[in-house]
Structure formats: structure tokens, C-alpha cells
file work-v1.cif (mmCIF, C-alpha atoms, pLDDT in the B column; chains and numbers go by the auth columns)
data_run
#
loop_
_atom_site.group_PDB
_atom_site.id
_atom_site.type_symbol
_atom_site.label_atom_id
_atom_site.label_comp_id
_atom_site.label_asym_id
_atom_site.label_seq_id
_atom_site.Cartn_x
_atom_site.Cartn_y
_atom_site.Cartn_z
_atom_site.B_iso_or_equiv
_atom_site.auth_seq_id
_atom_site.auth_asym_id
ATOM 1 C CA MET A 1 -21.630 40.996 -28.445 51.00 1 A
ATOM 2 C CA GLN A 2 -18.837 38.510 -28.799 53.00 2 A
ATOM 3 C CA VAL A 3 -19.512 34.789 -28.533 47.00 3 A
ATOM 4 C CA PRO A 4 -16.743 32.978 -26.656 50.00 4 A
ATOM 5 C CA VAL A 5 -14.840 30.579 -28.852 48.00 5 A
ATOM 6 C CA MET A 6 -14.370 27.132 -27.399 49.00 6 A
ATOM 7 C CA LEU A 7 -11.166 25.383 -28.346 50.00 7 A
ATOM 8 C CA ILE A 8 -11.529 21.643 -28.746 52.00 8 A
ATOM 9 C CA ARG A 9 -8.314 19.780 -29.429 55.00 9 A
ATOM 10 C CA VAL A 10 -7.608 16.159 -30.244 52.00 10 A
ATOM 11 C CA ILE A 11 -4.883 14.610 -28.089 56.00 11 A
ATOM 12 C CA ASP A 12 -4.113 10.897 -28.401 55.00 12 A
ATOM 13 C CA GLY A 13 -7.378 10.288 -30.218 54.00 13 A
ATOM 14 C CA GLU A 14 -9.486 12.000 -27.542 58.00 14 A
ATOM 15 C CA LEU A 15 -11.269 15.315 -27.690 56.00 15 A
ATOM 16 C CA VAL A 16 -9.957 17.678 -25.025 60.00 16 A
ATOM 17 C CA GLY A 17 -11.729 20.824 -23.898 61.00 17 A
ATOM 18 C CA ARG A 18 -15.265 19.658 -24.645 63.00 18 A
ATOM 19 C CA PRO A 19 -18.132 21.137 -22.636 66.00 19 A
ATOM 20 C CA TRP A 20 -19.765 18.875 -20.057 59.00 20 A
ATOM 21 C CA TYR A 21 -22.722 17.997 -22.283 61.00 21 A
ATOM 22 C CA MET A 22 -20.410 16.599 -24.984 63.00 22 A
ATOM 23 C CA GLN A 23 -18.434 14.373 -22.639 67.00 23 A
ATOM 24 C CA GLU A 24 -18.913 10.664 -22.151 65.00 24 A
ATOM 25 C CA PRO A 25 -20.650 9.494 -18.948 65.00 25 A
ATOM 26 C CA LEU A 26 -18.279 9.146 -15.992 62.00 26 A
ATOM 27 C CA TYR A 27 -18.469 5.354 -15.873 59.00 27 A
ATOM 28 C CA LEU A 28 -17.414 5.224 -19.528 60.00 28 A
ATOM 29 C CA GLN A 29 -14.581 7.701 -18.967 62.00 29 A
ATOM 30 C CA TRP A 30 -13.361 5.699 -15.978 59.00 30 A
ATOM 31 C CA LYS A 31 -13.384 2.504 -18.027 61.00 31 A
ATOM 32 C CA LYS A 32 -11.588 4.246 -20.915 64.00 32 A
ATOM 33 C CA TRP A 33 -14.441 3.646 -23.343 67.00 33 A
ATOM 34 C CA ASP A 34 -13.595 6.250 -25.940 70.00 34 A
ATOM 35 C CA CYS A 35 -15.631 7.026 -29.024 73.00 35 A
ATOM 36 C CA GLN A 36 -13.886 4.433 -31.199 76.00 36 A
ATOM 37 C CA SER A 37 -14.154 1.549 -28.728 76.00 37 A
ATOM 38 C CA ASP A 38 -17.756 2.468 -27.957 76.00 38 A
ATOM 39 C CA CYS A 39 -18.561 2.481 -31.671 81.00 39 A
ATOM 40 C CA ARG A 40 -16.899 -0.921 -32.089 82.00 40 A
ATOM 41 C CA TYR A 41 -18.997 -2.286 -29.256 84.00 41 A
ATOM 42 C CA HIS A 42 -22.312 -1.062 -30.667 84.00 42 A
ATOM 43 C CA CYS A 43 -21.397 -2.166 -34.193 89.00 43 A
ATOM 44 C CA MET A 44 -20.611 -5.611 -32.791 89.00 44 A
ATOM 45 C CA LEU A 45 -24.025 -5.778 -31.120 89.00 45 A
ATOM 46 C CA ASP A 46 -25.764 -4.706 -34.330 90.00 46 A
ATOM 47 C CA ARG A 47 -23.851 -7.297 -36.331 91.00 47 A
ATOM 48 C CA GLU A 48 -24.751 -10.008 -33.837 91.00 48 A
ATOM 49 C CA LYS A 49 -28.431 -9.080 -34.063 91.00 49 A
ATOM 50 C CA GLU A 50 -28.213 -9.468 -37.835 91.00 50 A
ATOM 51 C CA ASN A 51 -26.420 -12.804 -37.456 89.00 51 A
ATOM 52 C CA LYS A 52 -29.108 -14.024 -35.087 89.00 52 A
ATOM 53 C CA LEU A 53 -31.847 -13.146 -37.579 91.00 53 A
ATOM 54 C CA LEU A 54 -29.933 -15.094 -40.231 91.00 54 A
ATOM 55 C CA ASN A 55 -29.442 -18.047 -37.836 92.00 55 A
ATOM 56 C CA LEU A 56 -25.669 -17.634 -37.905 90.00 56 A
ATOM 57 C CA VAL A 57 -23.438 -18.567 -34.985 90.00 57 A
ATOM 58 C CA PRO A 58 -21.698 -15.829 -32.957 88.00 58 A
ATOM 59 C CA VAL A 59 -18.215 -14.880 -34.110 88.00 59 A
ATOM 60 C CA LYS A 60 -15.249 -13.306 -32.354 87.00 60 A
ATOM 61 C CA TYR A 61 -14.520 -9.604 -32.732 85.00 61 A
ATOM 62 C CA HIS A 62 -10.908 -8.530 -32.253 78.00 62 A
ATOM 63 C CA GLY A 63 -10.254 -11.940 -30.707 77.00 63 A
ATOM 64 C CA LYS A 64 -13.090 -11.659 -28.175 79.00 64 A
ATOM 65 C CA TRP A 65 -16.537 -13.184 -27.992 82.00 65 A
ATOM 66 C CA PRO A 66 -19.418 -10.698 -28.105 85.00 66 A
ATOM 67 C CA PHE A 67 -20.556 -9.924 -24.558 85.00 67 A
ATOM 68 C CA LYS A 68 -23.058 -7.315 -23.479 86.00 68 A
ATOM 69 C CA ARG A 69 -21.488 -4.929 -21.036 85.00 69 A
ATOM 70 C CA ILE A 70 -23.198 -3.695 -17.894 86.00 70 A
ATOM 71 C CA TYR A 71 -22.300 -0.218 -16.597 79.00 71 A
ATOM 72 C CA GLY A 72 -19.124 -0.298 -18.645 77.00 72 A
ATOM 73 C CA ILE A 73 -18.085 -3.740 -17.380 87.00 73 A
ATOM 74 C CA GLN A 74 -17.062 -5.742 -20.399 86.00 74 A
ATOM 75 C CA GLU A 75 -17.583 -9.289 -19.094 89.00 75 A
ATOM 76 C CA PRO A 76 -19.804 -9.113 -15.991 92.00 76 A
ATOM 77 C CA ALA A 77 -19.909 -12.867 -15.285 92.00 77 A
ATOM 78 C CA SER A 78 -16.118 -13.206 -15.484 93.00 78 A
ATOM 79 C CA VAL A 79 -15.696 -10.208 -13.197 95.00 79 A
ATOM 80 C CA ALA A 80 -18.141 -11.712 -10.696 96.00 80 A
ATOM 81 C CA PHE A 81 -16.386 -15.090 -10.673 97.00 81 A
ATOM 82 C CA SER A 82 -12.960 -13.474 -10.377 97.00 82 A
ATOM 83 C CA ALA A 83 -14.213 -11.373 -7.468 97.00 83 A
ATOM 84 C CA LEU A 84 -15.629 -14.498 -5.803 98.00 84 A
ATOM 85 C CA ASN A 85 -12.295 -16.262 -6.246 98.00 85 A
ATOM 86 C CA LEU A 86 -10.575 -13.234 -4.742 98.00 86 A
ATOM 87 C CA ALA A 87 -12.945 -13.284 -1.762 98.00 87 A
ATOM 88 C CA MET A 88 -12.489 -17.030 -1.194 98.00 88 A
ATOM 89 C CA HIS A 89 -8.706 -16.772 -1.338 97.00 89 A
ATOM 90 C CA PHE A 90 -8.791 -13.878 1.107 98.00 90 A
ATOM 91 C CA HIS A 91 -11.038 -15.868 3.445 98.00 91 A
ATOM 92 C CA GLY A 92 -8.709 -18.857 3.188 97.00 92 A
ATOM 93 C CA TRP A 93 -5.648 -16.754 3.929 97.00 93 A
ATOM 94 C CA VAL A 94 -7.277 -15.110 6.965 97.00 94 A
ATOM 95 C CA SER A 95 -8.373 -18.538 8.252 96.00 95 A
ATOM 96 C CA PHE A 96 -4.836 -19.873 7.783 93.00 96 A
ATOM 97 C CA PHE A 97 -3.385 -16.840 9.571 92.00 97 A
ATOM 98 C CA ILE A 98 -5.758 -17.231 12.528 92.00 98 A
ATOM 99 C CA LEU A 99 -5.006 -20.952 12.748 91.00 99 A
ATOM 100 C CA LEU A 100 -1.240 -20.400 12.728 89.00 100 A
ATOM 101 C CA TYR A 101 -0.943 -17.520 15.133 85.00 101 A
ATOM 102 C CA TYR A 102 -3.956 -17.861 17.423 87.00 102 A
ATOM 103 C CA LYS A 103 -4.894 -21.536 17.610 86.00 103 A
ATOM 104 C CA LEU A 104 -1.601 -23.414 17.286 83.00 104 A
ATOM 105 C CA PRO A 105 1.360 -23.086 19.655 84.00 105 A
ATOM 106 C CA LEU A 106 4.165 -20.746 18.581 80.00 106 A
ATOM 107 C CA LYS A 107 7.934 -21.143 18.599 79.00 107 A
ATOM 108 C CA ASP A 108 10.210 -18.816 20.512 78.00 108 A
ATOM 109 C CA GLY A 109 10.004 -15.345 19.042 73.00 109 A
ATOM 110 C CA LYS A 110 6.331 -15.873 18.175 75.00 110 A
ATOM 111 C CA LYS A 111 7.128 -17.758 14.984 77.00 111 A
ATOM 112 C CA ALA A 112 4.781 -20.392 13.627 78.00 112 A
ATOM 113 C CA TYR A 113 5.735 -24.023 14.158 78.00 113 A
ATOM 114 C CA TYR A 114 4.732 -24.819 10.599 82.00 114 A
ATOM 115 C CA ASP A 115 7.891 -24.534 8.489 84.00 115 A
ATOM 116 C CA TYR A 116 6.046 -23.646 5.304 90.00 116 A
ATOM 117 C CA ALA A 117 3.989 -20.789 6.761 89.00 117 A
ATOM 118 C CA SER A 118 5.914 -18.009 5.020 91.00 118 A
ATOM 119 C CA LEU A 119 5.668 -19.798 1.680 94.00 119 A
ATOM 120 C CA TRP A 120 1.893 -20.077 2.026 94.00 120 A
ATOM 121 C CA HIS A 121 1.628 -16.395 2.924 95.00 121 A
ATOM 122 C CA ILE A 122 3.451 -15.545 -0.304 96.00 122 A
ATOM 123 C CA TYR A 123 1.121 -17.883 -2.184 97.00 123 A
ATOM 124 C CA ALA A 124 -1.898 -16.123 -0.677 97.00 124 A
ATOM 125 C CA PHE A 125 -0.579 -12.710 -1.687 98.00 125 A
ATOM 126 C CA LEU A 126 0.128 -13.849 -5.256 98.00 126 A
ATOM 127 C CA SER A 127 -3.318 -15.458 -5.498 98.00 127 A
ATOM 128 C CA LEU A 128 -5.065 -12.318 -4.291 98.00 128 A
ATOM 129 C CA ASN A 129 -3.029 -10.248 -6.726 98.00 129 A
ATOM 130 C CA SER A 130 -3.816 -12.579 -9.618 98.00 130 A
ATOM 131 C CA TRP A 131 -7.567 -12.662 -9.014 98.00 131 A
ATOM 132 C CA PHE A 132 -7.678 -8.902 -8.512 98.00 132 A
ATOM 133 C CA TRP A 133 -6.075 -8.270 -11.900 97.00 133 A
ATOM 134 C CA SER A 134 -8.280 -10.923 -13.460 97.00 134 A
ATOM 135 C CA ALA A 135 -11.348 -9.002 -12.308 96.00 135 A
ATOM 136 C CA VAL A 136 -9.889 -5.725 -13.570 94.00 136 A
ATOM 137 C CA PHE A 137 -8.968 -7.231 -16.941 93.00 137 A
ATOM 138 C CA HIS A 138 -12.393 -8.758 -17.502 92.00 138 A
ATOM 139 C CA SER A 139 -14.076 -5.508 -16.561 90.00 139 A
ATOM 140 C CA ARG A 140 -12.142 -3.646 -19.265 86.00 140 A
ATOM 141 C CA ASP A 141 -9.768 -5.262 -21.705 85.00 141 A
ATOM 142 C CA VAL A 142 -6.991 -2.822 -22.551 83.00 142 A
ATOM 143 C CA ASP A 143 -3.322 -3.490 -23.175 87.00 143 A
ATOM 144 C CA LEU A 144 -2.236 -2.661 -19.619 90.00 144 A
ATOM 145 C CA THR A 145 -4.896 -4.743 -17.853 91.00 145 A
ATOM 146 C CA GLU A 146 -4.233 -7.672 -20.182 92.00 146 A
ATOM 147 C CA LYS A 147 -0.521 -7.632 -19.398 94.00 147 A
ATOM 148 C CA LEU A 148 -1.122 -7.299 -15.667 96.00 148 A
ATOM 149 C CA ASP A 149 -3.623 -10.157 -15.704 96.00 149 A
ATOM 150 C CA TYR A 150 -1.450 -12.577 -17.643 95.00 150 A
ATOM 151 C CA SER A 151 1.742 -11.590 -15.844 96.00 151 A
ATOM 152 C CA SER A 152 0.064 -12.159 -12.478 97.00 152 A
ATOM 153 C CA ALA A 153 -1.269 -15.518 -13.630 97.00 153 A
ATOM 154 C CA VAL A 154 2.162 -16.623 -14.881 97.00 154 A
ATOM 155 C CA VAL A 155 3.812 -15.603 -11.608 98.00 155 A
ATOM 156 C CA LEU A 156 1.158 -17.466 -9.611 98.00 156 A
ATOM 157 C CA LEU A 157 1.534 -20.616 -11.706 97.00 157 A
ATOM 158 C CA GLY A 158 5.309 -20.500 -11.445 97.00 158 A
ATOM 159 C CA TYR A 159 5.191 -20.036 -7.694 98.00 159 A
ATOM 160 C CA SER A 160 2.605 -22.816 -7.372 97.00 160 A
ATOM 161 C CA LEU A 161 5.023 -25.172 -9.112 97.00 161 A
ATOM 162 C CA ILE A 162 7.840 -24.130 -6.776 97.00 162 A
ATOM 163 C CA LEU A 163 5.611 -24.584 -3.736 96.00 163 A
ATOM 164 C CA ALA A 164 4.407 -27.984 -4.947 97.00 164 A
ATOM 165 C CA ILE A 165 7.988 -29.204 -5.379 97.00 165 A
ATOM 166 C CA LEU A 166 9.150 -27.872 -2.013 96.00 166 A
ATOM 167 C CA ARG A 167 6.151 -29.292 -0.180 95.00 167 A
ATOM 168 C CA SER A 168 6.052 -32.649 -1.986 95.00 168 A
ATOM 169 C CA PHE A 169 9.722 -33.366 -1.320 95.00 169 A
ATOM 170 C CA ASN A 170 9.591 -31.822 2.160 94.00 170 A
ATOM 171 C CA VAL A 171 12.408 -29.367 1.453 93.00 171 A
ATOM 172 C CA ARG A 172 13.134 -27.538 4.709 90.00 172 A
ATOM 173 C CA ASP A 173 16.707 -26.356 4.237 92.00 173 A
ATOM 174 C CA GLU A 174 16.879 -22.743 3.023 92.00 174 A
ATOM 175 C CA ALA A 175 19.859 -23.329 0.728 95.00 175 A
ATOM 176 C CA THR A 176 18.105 -26.240 -0.973 95.00 176 A
ATOM 177 C CA ARG A 177 14.947 -24.177 -1.345 95.00 177 A
ATOM 178 C CA VAL A 178 16.937 -21.468 -3.102 95.00 178 A
ATOM 179 C CA MET A 179 18.643 -23.993 -5.397 96.00 179 A
ATOM 180 C CA VAL A 180 15.292 -25.500 -6.380 95.00 180 A
ATOM 181 C CA SER A 181 13.524 -22.164 -6.779 97.00 181 A
ATOM 182 C CA ALA A 182 16.177 -20.115 -8.591 97.00 182 A
ATOM 183 C CA PRO A 183 15.898 -21.738 -12.053 97.00 183 A
ATOM 184 C CA LEU A 184 12.101 -21.660 -11.942 97.00 184 A
ATOM 185 C CA ILE A 185 12.054 -18.035 -10.801 97.00 185 A
ATOM 186 C CA ALA A 186 14.446 -17.147 -13.627 98.00 186 A
ATOM 187 C CA PHE A 187 12.169 -18.893 -16.130 97.00 187 A
ATOM 188 C CA VAL A 188 9.070 -17.110 -14.812 97.00 188 A
ATOM 189 C CA ILE A 189 10.787 -13.706 -14.907 97.00 189 A
ATOM 190 C CA THR A 190 11.970 -14.365 -18.455 96.00 190 A
ATOM 191 C CA HIS A 191 8.488 -15.350 -19.562 95.00 191 A
ATOM 192 C CA VAL A 192 6.895 -12.313 -17.911 95.00 192 A
ATOM 193 C CA MET A 193 9.406 -10.048 -19.644 95.00 193 A
ATOM 194 C CA TYR A 194 8.725 -11.830 -22.934 94.00 194 A
ATOM 195 C CA ILE A 195 4.962 -11.311 -22.811 92.00 195 A
ATOM 196 C CA ASN A 196 5.307 -7.717 -21.614 93.00 196 A
ATOM 197 C CA PHE A 197 8.088 -6.410 -23.817 92.00 197 A
ATOM 198 C CA TYR A 198 8.265 -8.687 -26.835 91.00 198 A
ATOM 199 C CA LYS A 199 5.101 -10.556 -27.735 85.00 199 A
ATOM 200 C CA LEU A 200 1.947 -11.148 -25.733 79.00 200 A
ATOM 201 C CA ASP A 201 1.275 -14.640 -27.028 72.00 201 A
ATOM 202 C CA TYR A 202 -0.541 -16.957 -24.682 63.00 202 A
#

call {"tool": "encode", "arguments": {"input": "work-v1.cif", "output": "C-alpha cells"}}
result
Amino acid sequence: MQVPVMLIRVIDGELVGRPWYMQEPLYLQWKKWDCQSDCRYHCMLDREKENKLLNLVPVKYHGKWPFKRIYGIQEPASVAFSALNLAMHFHGWVSFFILLYYKLPLKDGKKAYYDYASLWHIYAFLSLNSWFWSAVFHSRDVDLTEKLDYSSAVVLLGYSLILAILRSFNVRDEATRVMVSAPLIAFVITHVMYINFYKLDY
């Protein structure tokens, strides 16, 4: 009787072709917790237990404070607060939308009377995007989620500055808006490219 031979290969640091009983739980696979990162996490917890017994203060590991994960979520409190921010921004945007298009009178062509409506819609979208990626990043810190989080935050901050200038100085002319926004947009794009393709230094 021949025993079937199971081929297990290593591809990109992961074992491929393992039987189901040798695989990580689904929530760990989904969060990309591989063997090495899982080992780092448990070693960090063990080290912190030792430090606590010796009355030593917590230290950072790989630039991060030691947090206990819950169901694969790396920083549960940060994820919860980011999700709450996301929900509040969504609620605010929906309230603004209802106010503009259902409670206030409209111009011809069903356009809002408020001249800055489109700018605030863009702000809402960028805010929702930023808080979404913040929640994703804090649930699992990998290179991609870190870049998406910080890039989204930079874009939101840059746009907030543009919006503050346009609103504070009551800039209504489209050409003037473009002249004010263009240099700031160029700076934001340059910075996003810098942190994504050169050095992620924040």
C-alpha cells in the first residue's frame, strides 16, 4: 500500500500545500498573521510579562507599543475609535446632503444655493476614506495599510487647508479657486509620492 506524498512548498515565506489541520485559523489568514509575525507577537507578550514582574516600563517593539490583539485585530481601541469617527463623518455628510437638497431651496437645474456644497462633498468623501483606512491600518499594520492610512491622512489634511483658505477668504470664482488650490495640490501629491515610493517618514 502506497502512502500519498504531500508536497509542501515555501513561497514568499509561507507554507503552501499544507493540510487543513496545519493551517492558521481563518481570521489569522485574513489578517495576514503568518508564523513569523505571530511568533513576534507572542514573544512580545512574554517579554512584557517578564518586564512587569521586574517592575520595568513597557517598551516599543518594531516601533509599536505592545497591544493585546483581539480576534486578530492589532489595536482594538484604535479601530473602534476610527470606526466611530467614520460613522460620525458619514452621519454628518448625510445630514448635510439632506439639508442641502431637501430642506433648503434649490437653484435652477436642482443645484444647491450654497456655493461651497461640492467642496464639502469632496471633504466628506476624503474624510470617510481617511477614517476607513485608519481603521484598517490599526486592525493590522502591514506596509500597504500603513501607506494607505498615511496617504489618506495627508490628502485629507491638504484638502482641509485648501478648503479653509477658500472658505475663509470667500473665494467663489472658479479660476481663483484653481490658482489657490494648484500649488497645494502639487505639494500634497509630491508628499504622497515621497512617502509611498521613497521614504515613509512621518

call {"tool": "resolve_selection", "arguments": {"input": "work-v1.cif", "expression": "the PyMOL selection byres ((chain A and resi 62) around 12)", "output": "ChimeraX atom specification"}}
result
/A:37,40-41,44,59-61,63-66,141-142

call {"tool": "closest_residue", "arguments": {"input": "work-v1.cif", "among": "A:His121, A:Leu100, A:His138, A:Lys49", "to": "Ile70 of chain A", "atoms": "all atoms listed in the file"}}
result
A:His138

call {"tool": "atom_distance", "arguments": {"input": "work-v1.cif", "atom1": "atom CA of Val155 of chain A", "atom2": "atom CA of Val188 of chain A"}}
result
6.3 Å

call {"tool": "atom_distance", "arguments": {"input": "work-v1.cif", "atom1": "atom CA of Ala153 of chain A", "atom2": "atom CA of Phe197 of chain A"}}
result
16.6 Å

call {"tool": "residues_around", "arguments": {"input": "work-v1.cif", "residues": "segment 168-184 of chain A", "least_positions_apart": "5", "cutoff": "12 Å", "atoms": "only C-alpha atoms", "output": "PDB file with C-alpha atoms, in the coordinates of the input"}}
result
ATOM      1  CA  TYR A 114       4.732 -24.819  10.599  1.00 82.00           C
ATOM      2  CA  ASP A 115       7.891 -24.534   8.489  1.00 84.00           C
ATOM      3  CA  TYR A 116       6.046 -23.646   5.304  1.00 90.00           C
ATOM      4  CA  ALA A 117       3.989 -20.789   6.761  1.00 89.00           C
ATOM      5  CA  SER A 118       5.914 -18.009   5.020  1.00 91.00           C
ATOM      6  CA  LEU A 119       5.668 -19.798   1.680  1.00 94.00           C
ATOM      7  CA  VAL A 154       2.162 -16.623 -14.881  1.00 97.00           C
ATOM      8  CA  VAL A 155       3.812 -15.603 -11.608  1.00 98.00           C
ATOM      9  CA  LEU A 156       1.158 -17.466  -9.611  1.00 98.00           C
ATOM     10  CA  LEU A 157       1.534 -20.616 -11.706  1.00 97.00           C
ATOM     11  CA  GLY A 158       5.309 -20.500 -11.445  1.00 97.00           C
ATOM     12  CA  TYR A 159       5.191 -20.036  -7.694  1.00 98.00           C
ATOM     13  CA  SER A 160       2.605 -22.816  -7.372  1.00 97.00           C
ATOM     14  CA  LEU A 161       5.023 -25.172  -9.112  1.00 97.00           C
ATOM     15  CA  ILE A 162       7.840 -24.130  -6.776  1.00 97.00           C
ATOM     16  CA  LEU A 163       5.611 -24.584  -3.736  1.00 96.00           C
ATOM     17  CA  ILE A 189      10.787 -13.706 -14.907  1.00 97.00           C
ATOM     18  CA  THR A 190      11.970 -14.365 -18.455  1.00 96.00           C
ATOM     19  CA  HIS A 191       8.488 -15.350 -19.562  1.00 95.00           C
TER      20      HIS A 191
END

call {"tool": "resolve_selection", "arguments": {"input": "work-v1.cif", "expression": "the PyMOL selection byres ((chain A and resi 75) around 12)", "output": "list in words"}}
result
Lys64, Trp65, Pro66, Phe67, Lys68, Arg69, Ile70, Tyr71, Gly72, Ile73, Gln74, Pro76, Ala77, Ser78, Val79, Ala80, Phe81, Ser82, Ser134, Ala135, Val136, Phe137, His138, Ser139, Arg140 and Asp141 of chain A

call {"tool": "write_last_selection", "arguments": {"input": "work-v1.cif", "atoms": "C-alpha atoms", "output": "compact mmCIF listing (two decimals), keeping the file's coordinate frame"}}
result
# COMPACT_ATOMS: atom_id res chain seq x y z
CA LYS A 64 -13.09 -11.66 -28.18
CA TRP A 65 -16.54 -13.18 -27.99
CA PRO A 66 -19.42 -10.70 -28.10
CA PHE A 67 -20.56 -9.92 -24.56
CA LYS A 68 -23.06 -7.32 -23.48
CA ARG A 69 -21.49 -4.93 -21.04
CA ILE A 70 -23.20 -3.70 -17.89
CA TYR A 71 -22.30 -0.22 -16.60
CA GLY A 72 -19.12 -0.30 -18.64
CA ILE A 73 -18.08 -3.74 -17.38
CA GLN A 74 -17.06 -5.74 -20.40
CA PRO A 76 -19.80 -9.11 -15.99
CA ALA A 77 -19.91 -12.87 -15.28
CA SER A 78 -16.12 -13.21 -15.48
CA VAL A 79 -15.70 -10.21 -13.20
CA ALA A 80 -18.14 -11.71 -10.70
CA PHE A 81 -16.39 -15.09 -10.67
CA SER A 82 -12.96 -13.47 -10.38
CA SER A 134 -8.28 -10.92 -13.46
CA ALA A 135 -11.35 -9.00 -12.31
CA VAL A 136 -9.89 -5.72 -13.57
CA PHE A 137 -8.97 -7.23 -16.94
CA HIS A 138 -12.39 -8.76 -17.50
CA SER A 139 -14.08 -5.51 -16.56
CA ARG A 140 -12.14 -3.65 -19.26
CA ASP A 141 -9.77 -5.26 -21.70

call {"tool": "residues_around", "arguments": {"input": "work-v1.cif", "residues": "Asn196 of chain A", "least_positions_apart": "3", "cutoff": "10 Å", "atoms": "only C-alpha atoms", "output": "VMD selection string"}}
result
chain A and resid 143 to 144 146 to 148 150 to 151 190 to 193 199 to 201

call {"tool": "atom_distance", "arguments": {"input": "work-v1.cif", "atom1": "atom CA of His91 of chain A", "atom2": "atom CA of Asn129 of chain A"}}
result
14.1 Å

call {"tool": "closest_residue", "arguments": {"input": "work-v1.cif", "among": "A:Tyr198, A:Asp46, A:Leu128, A:Asp108", "to": "Val94 of chain A", "atoms": "all atoms listed in the file"}}
result
A:Leu128

call {"tool": "resolve_selection", "arguments": {"input": "work-v1.cif", "expression": "the PyMOL selection byres ((chain A and resi 92) around 12)", "output": "list in words"}}
result
Asn85, Leu86, Ala87, Met88, His89, Phe90, His91, Trp93, Val94, Ser95, Phe96, Phe97, Ile98, Leu99, Trp120, His121, Tyr123, Ala124, Phe125, Ser127 and Leu128 of chain A

call {"tool": "axis_aligned_box", "arguments": {"input": "work-v1.cif", "around": "segment 182-201 of chain A", "padding_each_side": "6 Å", "output": "AutoDock Vina command-line options"}}
result
--center_x 8.7 --center_y -14.1 --center_z -18.2 --size_x 26.9 --size_y 27.3 --size_z 31.1

call {"tool": "build_atoms", "arguments": {"input": "work-v1.cif", "residues": "segment 32-43 of chain A", "atoms": "N, CA and C atoms", "output": "mmCIF file, in the frame of the given file"}}
result
data_model
loop_
_atom_site.group_PDB
_atom_site.id
_atom_site.type_symbol
_atom_site.label_atom_id
_atom_site.label_comp_id
_atom_site.auth_asym_id
_atom_site.auth_seq_id
_atom_site.Cartn_x
_atom_site.Cartn_y
_atom_site.Cartn_z
ATOM 1 N N LYS A 32 -12.332 3.937 -19.687
ATOM 2 C CA LYS A 32 -11.588 4.246 -20.915
ATOM 3 C C LYS A 32 -12.339 3.814 -22.173
ATOM 4 N N TRP A 33 -13.665 3.905 -22.134
ATOM 5 C CA TRP A 33 -14.441 3.646 -23.343
ATOM 6 C C TRP A 33 -14.464 4.941 -24.145
ATOM 7 N N ASP A 34 -13.585 5.053 -25.108
ATOM 8 C CA ASP A 34 -13.595 6.250 -25.940
ATOM 9 C C ASP A 34 -14.586 6.061 -27.089
ATOM 10 N N CYS A 35 -14.651 7.043 -27.942
ATOM 11 C CA CYS A 35 -15.631 7.026 -29.024
ATOM 12 C C CYS A 35 -15.423 5.817 -29.945
ATOM 13 N N GLN A 36 -14.167 5.529 -30.273
ATOM 14 C CA GLN A 36 -13.886 4.433 -31.199
ATOM 15 C C GLN A 36 -14.257 3.077 -30.594
ATOM 16 N N SER A 37 -13.849 2.844 -29.345
ATOM 17 C CA SER A 37 -14.154 1.549 -28.728
ATOM 18 C C SER A 37 -15.651 1.404 -28.480
ATOM 19 N N ASP A 38 -16.310 2.513 -28.159
ATOM 20 C CA ASP A 38 -17.756 2.468 -27.957
ATOM 21 C C ASP A 38 -18.473 2.160 -29.272
ATOM 22 N N CYS A 39 -17.983 2.743 -30.349
ATOM 23 C CA CYS A 39 -18.561 2.481 -31.671
ATOM 24 C C CYS A 39 -18.360 1.019 -32.066
ATOM 25 N N ARG A 40 -17.164 0.494 -31.801
ATOM 26 C CA ARG A 40 -16.899 -0.921 -32.089
ATOM 27 C C ARG A 40 -17.875 -1.823 -31.340
ATOM 28 N N TYR A 41 -18.105 -1.478 -30.090
ATOM 29 C CA TYR A 41 -18.997 -2.286 -29.256
ATOM 30 C C TYR A 41 -20.414 -2.301 -29.831
ATOM 31 N N HIS A 42 -20.938 -1.126 -30.158
ATOM 32 C CA HIS A 42 -22.312 -1.062 -30.667
ATOM 33 C C HIS A 42 -22.429 -1.670 -32.069
ATOM 34 N N CYS A 43 -21.396 -1.513 -32.874
ATOM 35 C CA CYS A 43 -21.397 -2.166 -34.193
ATOM 36 C C CYS A 43 -21.400 -3.686 -34.042
#
